[in-house]
Amino acid sequence: MPEIILKVAASGAEIARLNAEPLELVSRLRSAAAAYGGPPELRCGLRLMFGSRVLRDHETLEASGLAGGGSVDVVKVPSLELWREGKVAWNSINVPVGGPLCIGLTVRQLARDRLLAFPAHPAWRHYLPRTEDEASEASCGMFSGCFPPAPAVDEYSDSIGKYVVKHFEPSDVWLIGASEQSASDVFVQTDRGYISARRIPLPLADASQAIHAFKFQDEVATVLLAPGRSGDAMEDLQGRGSYRNSISEKLRQATTARETTSPGIQHMSHHDLRDGVLQKFRLHGIAEDDFSKVHFELEGSPREFKFALPAVTHMEKAHAYKSAMEKFDWQDGEQSGGRLKVAQGCVSNALEDYAAGRDRCGQVVARLPEGWQYGQEVYDFEVCQLSDGKPKQLAKWRAQGHVNDHCQCLGDRLMLFAGSHAGEDAFYEEMQLIDWQTQEVIRKIPLRFTPPYIETEWGRGILNGSTQTFFVSFTEYGAAEDTSTFAFATPEM
């Protein structure tokens with residue numbers, strides 16, 4: 001097979017050598033050069049040049065003049081610069097996994113334009129589709145002479161509607177790749193290859209254990225495992241009074257005992273706490289070209305852990321379970337006391353509070369300044385450089401639309417910003433590509449997916465890869481089974 005050499009355009013330094021068939025796509029070369037893009041928080045793109053010709057990912061090597069091999073120059077392109085002109089191609093994929101209402105999935109960025117997605121909570125209320133009989137059931141009762149059928153076992157209802165409890169299973173972790181060379185379990189073919197999705201199951205040593213808490217950070221999943229289904233009521237909470245008081249007192253007693261007799265709550269034997277273990281799983285193969293090689297492996301030994309959680313069906317405090325998961329302490333267990341998470345505001349001077357690919361590019365961040373007010377349709381917005389926790393304002397302007405919808409992703413000089421047709425819950429129809437230093441609107445990008453809007457809580461940003469692909473993810477509700485959609489917008493390269 002012909003040999004192709006990838007070189008840094010500015011210096012001629014060699015990046016990689018590979019052998020490829022003439023009918024392979026140029027996107028294979030991009031994958032081989034991906035490491036040259038630099039730190040992921042910078043979101044640099046790569047442009048491939050053969051002489052004076054710009055190579056397009058969807059073209060074959062033969063059509064690009066590389067059938068007999070050759071030398072390809074690789075040019076590093078600052079974040080979002082590939083969006084200035086040319087076609088933006090939208091593609092979507094549906095994945096059979098879901099999560100809690102209005103939250104759905106947690107999405108984590110990986111390398112090579114890939115995402116890891118999993119249910120945001122270990123258990124959630126899955127609301128059932130409304131049936132044709134429900135309207136007639138509403139008129140039934142002791143005075144009408146008819147009675148609605150008894151609910152099915154494990155079926156519940158609240159002010160929203162009927163629901164069943166769904167659980168985070170070990171097979172509910174999904175890998176989604178926006179620029180793959182091969183199809184997988186679920187896939188959509190594009191002009192550049194495939195959008196592929198596949199399950200990445202957790203290899204549990206004991207299949208009888210359930211997932212009661214889950215987090216993924218730095219390529220490692222930390223999982224709280226214990227017998228019994230996640231979200232079920234704990235026997236020690238049944239028949240008690242206030243959930244907040246009972247849980248808080250248990251944790252106070254356990255914490256006091258920890259400080260005097262043991263190194264951690266996980267070693268307590270208090271009868272009111274459930275026995276579990278913390279087990280880590282490392283994700284391997286992230287940087288591999290072959291999508292099928294990505295997998296989890298056990299890492300280290302399990303560690304004993306005591307915990308107490310409310311039932312997801314808890315009626316006295318409907319948000320108790322959600323609050324418990326949002327404030328879960330991986331050292332001391334649930335710490336919410338049944339209280340909802342308190343909003344921290346939108347202004348922070350810590351880099352880690354901003355998401356690379358969405359509102360952070362290196363040490364530059366986009367944010368609402370102090371003094372913003374809920375419901376504003378004309379509001380101040382700023383871009384700052386954060387260094388040692390001290391913000392240096394680089395730009396500030398008055399934006400129009402809705403204060404809930406603003407930066408979608410931030411680049412070196414450019415920003416994808418919500419369109420002006422915006423409201424409290426979402427913005428509609430289009431995004432704006434703006435130069436944040438001058439506030440010039442360079443172009444408008446139509447949202448070419450269904451539905452054509454982006455809600456405030458949906459995951460979105462520029463992928464960690466060389467294509468500068470924008471993604472947005474959301475979960476469909478009201479169907480018999482959970483489904484989540486990932487929509488990708490890729491600029492022509």
# chains A, B, ... in the order shown; residues from 1 in each chain; ligands from 1
$ residues_around --residues "stretch 413-418 of chain A" --least-positions-apart "3" --cutoff "7 Å" --atoms "only C-alpha atoms" --output "number ranges by chain"
A: 80, 405-410, 427, 431-437
$ residues_around --residues "A:Val173" --least-positions-apart "5" --cutoff "8 Å" --atoms "only C-alpha atoms" --output "PDB file with C-alpha atoms, in the first residue's frame"
ATOM      1  CA  LEU A 116     -19.441   8.890  26.883  1.00  0.00           C
ATOM      2  CA  ALA A 117     -23.100   9.042  27.953  1.00  0.00           C
ATOM      3  CA  PHE A 118     -24.998   7.437  30.831  1.00  0.00           C
ATOM      4  CA  PRO A 119     -28.181   8.079  32.888  1.00  0.00           C
ATOM      5  CA  ARG A 199     -22.697   0.013  24.701  1.00  0.00           C
ATOM      6  CA  ILE A 200     -19.630  -0.084  26.972  1.00  0.00           C
ATOM      7  CA  PRO A 201     -20.844  -2.391  29.773  1.00  0.00           C
ATOM      8  CA  LEU A 202     -19.300  -2.300  33.232  1.00  0.00           C
TER       9      LEU A 202
END
$ closest_residue --among "A:Ala320, A:Val186, A:Val75, A:Ala489" --to "A:Ile445" --atoms "only C-alpha atoms"
A:Ala489
$ closest_residue --among "A:Asp425, A:Glu62, A:Asp380, A:Asp191" --to "A:Gln400" --atoms "only C-alpha atoms"
A:Asp380
$ residues_around --residues "A:Val378" --least-positions-apart "2" --cutoff "9 Å" --atoms "only C-alpha atoms" --output "PyMOL selection string"
chain A and resi 376+380+398-403
$ write_last_selection --atoms "N, CA and C atoms" --output "mmCIF file, in the first residue's frame"
data_model
loop_
_atom_site.group_PDB
_atom_site.id
_atom_site.type_symbol
_atom_site.label_atom_id
_atom_site.label_comp_id
_atom_site.auth_asym_id
_atom_site.auth_seq_id
_atom_site.Cartn_x
_atom_site.Cartn_y
_atom_site.Cartn_z
ATOM 1 N N GLN A 376 -34.351 38.690 31.894
ATOM 2 C CA GLN A 376 -33.910 39.785 31.028
ATOM 3 C C GLN A 376 -33.849 39.333 29.566
ATOM 4 N N ASP A 380 -26.215 42.098 29.875
ATOM 5 C CA ASP A 380 -24.767 42.205 29.693
ATOM 6 C C ASP A 380 -24.154 40.811 29.601
ATOM 7 N N ARG A 398 -23.853 44.278 25.225
ATOM 8 C CA ARG A 398 -25.266 44.073 25.508
ATOM 9 C C ARG A 398 -25.823 43.090 24.492
ATOM 10 N N ALA A 399 -26.326 41.960 24.981
ATOM 11 C CA ALA A 399 -26.856 40.921 24.103
ATOM 12 C C ALA A 399 -28.378 40.945 24.130
ATOM 13 N N GLN A 400 -28.982 40.461 23.051
ATOM 14 C CA GLN A 400 -30.433 40.394 22.946
ATOM 15 C C GLN A 400 -30.877 38.951 22.777
ATOM 16 N N GLY A 401 -32.023 38.617 23.355
ATOM 17 C CA GLY A 401 -32.584 37.272 23.274
ATOM 18 C C GLY A 401 -33.244 36.934 24.588
ATOM 19 N N HIS A 402 -32.576 36.112 25.393
ATOM 20 C CA HIS A 402 -33.021 35.809 26.747
ATOM 21 C C HIS A 402 -31.804 35.449 27.566
ATOM 22 N N VAL A 403 -31.772 35.922 28.806
ATOM 23 C CA VAL A 403 -30.596 35.748 29.654
ATOM 24 C C VAL A 403 -30.306 34.272 29.939
#
$ atom_distance --atom1 "atom CA of A:Trp458" --atom2 "atom CA of A:Gly357"
14.1 Å
$ residues_around --residues "stretch 387-394 of chain A" --least-positions-apart "3" --cutoff "12 Å" --atoms "only C-alpha atoms" --output "MDAnalysis selection string"
chainID A and resid 347:353 362:369 381:384 397 412:413 436:439
$ select_by_dssp --residues "stretch 55-201 of chain A" --states "strand (DSSP E or B)" --output "PyMOL selection string"
chain A and resi 60+70-77+88-95+105-109+114-119+123-127+141+146+155-157+162-167+174-180+186-190+193-199
$ residues_around --residues "A:Thr490" --least-positions-apart "5" --cutoff "7 Å" --atoms "only C-alpha atoms" --output "tab-separated table (two decimals) with all heavy atoms, in the first residue's frame"
chain	number	residue	atom	x	y	z
A	88	VAL	N	-22.07	23.69	6.67
A	88	VAL	CA	-22.13	23.03	7.98
A	88	VAL	C	-23.12	21.87	7.85
A	88	VAL	O	-24.30	22.09	7.55
A	88	VAL	CB	-22.56	23.99	9.09
A	88	VAL	CG1	-22.73	23.23	10.41
A	88	VAL	CG2	-21.53	25.11	9.26
A	89	ALA	N	-22.65	20.65	8.04
A	89	ALA	CA	-23.48	19.47	7.85
A	89	ALA	C	-24.01	18.98	9.19
A	89	ALA	O	-23.24	18.76	10.13
A	89	ALA	CB	-22.68	18.36	7.18
A	90	TRP	N	-25.35	18.83	9.28
A	90	TRP	CA	-25.99	18.31	10.49
A	90	TRP	C	-26.33	16.84	10.30
A	90	TRP	O	-26.82	16.43	9.25
A	90	TRP	CB	-27.27	19.06	10.80
A	90	TRP	CG	-27.09	20.44	11.35
A	90	TRP	CD1	-27.01	21.61	10.64
A	90	TRP	CD2	-26.97	20.81	12.73
A	90	TRP	NE1	-26.84	22.67	11.50
A	90	TRP	CE2	-26.83	22.21	12.79
A	90	TRP	CE3	-26.99	20.08	13.92
A	90	TRP	CZ2	-26.70	22.89	14.00
A	90	TRP	CZ3	-26.86	20.77	15.13
A	90	TRP	CH2	-26.71	22.15	15.16
A	467	THR	N	-12.10	18.07	14.34
A	467	THR	CA	-13.09	18.47	13.33
A	467	THR	C	-13.89	19.71	13.72
A	467	THR	O	-14.64	20.23	12.91
A	467	THR	CB	-14.08	17.33	13.07
A	467	THR	OG1	-14.82	17.07	14.26
A	467	THR	CG2	-13.35	16.05	12.64
A	468	GLN	N	-13.76	20.16	14.98
A	468	GLN	CA	-14.55	21.29	15.49
A	468	GLN	C	-16.05	21.04	15.32
A	468	GLN	O	-16.83	21.94	14.99
A	468	GLN	CB	-14.12	22.60	14.86
A	468	GLN	CG	-12.67	22.96	15.19
A	468	GLN	CD	-12.25	24.34	14.74
A	468	GLN	OE1	-13.03	25.09	14.16
A	468	GLN	NE2	-11.00	24.69	15.00
A	469	THR	N	-16.46	19.81	15.58
A	469	THR	CA	-17.87	19.43	15.51
A	469	THR	C	-18.61	19.89	16.75
A	469	THR	O	-18.17	19.66	17.88
A	469	THR	CB	-18.00	17.90	15.34
A	469	THR	OG1	-17.47	17.52	14.07
A	469	THR	CG2	-19.46	17.46	15.43
A	470	PHE	N	-19.76	20.53	16.55
A	470	PHE	CA	-20.64	20.94	17.63
A	470	PHE	C	-21.64	19.82	17.89
A	470	PHE	O	-22.13	19.17	16.96
A	470	PHE	CB	-21.39	22.22	17.24
A	470	PHE	CG	-22.44	22.66	18.22
A	470	PHE	CD1	-22.09	23.36	19.36
A	470	PHE	CD2	-23.78	22.38	17.99
A	470	PHE	CE1	-23.06	23.78	20.28
A	470	PHE	CE2	-24.76	22.80	18.89
A	470	PHE	CZ	-24.39	23.50	20.03
$ closest_residue --among "A:Arg28, A:Arg56, A:Arg43, A:Arg84" --to "A:Val441" --atoms "only C-alpha atoms"
A:Arg84
$ atom_distance --atom1 "atom CA of A:Val77" --atom2 "atom CA of A:Leu463"
14.4 Å
$ closest_residue --among "A:Tyr321, A:Trp372, A:Phe187, A:Phe216" --to "A:Arg125" --atoms "only C-alpha atoms"
A:Tyr321
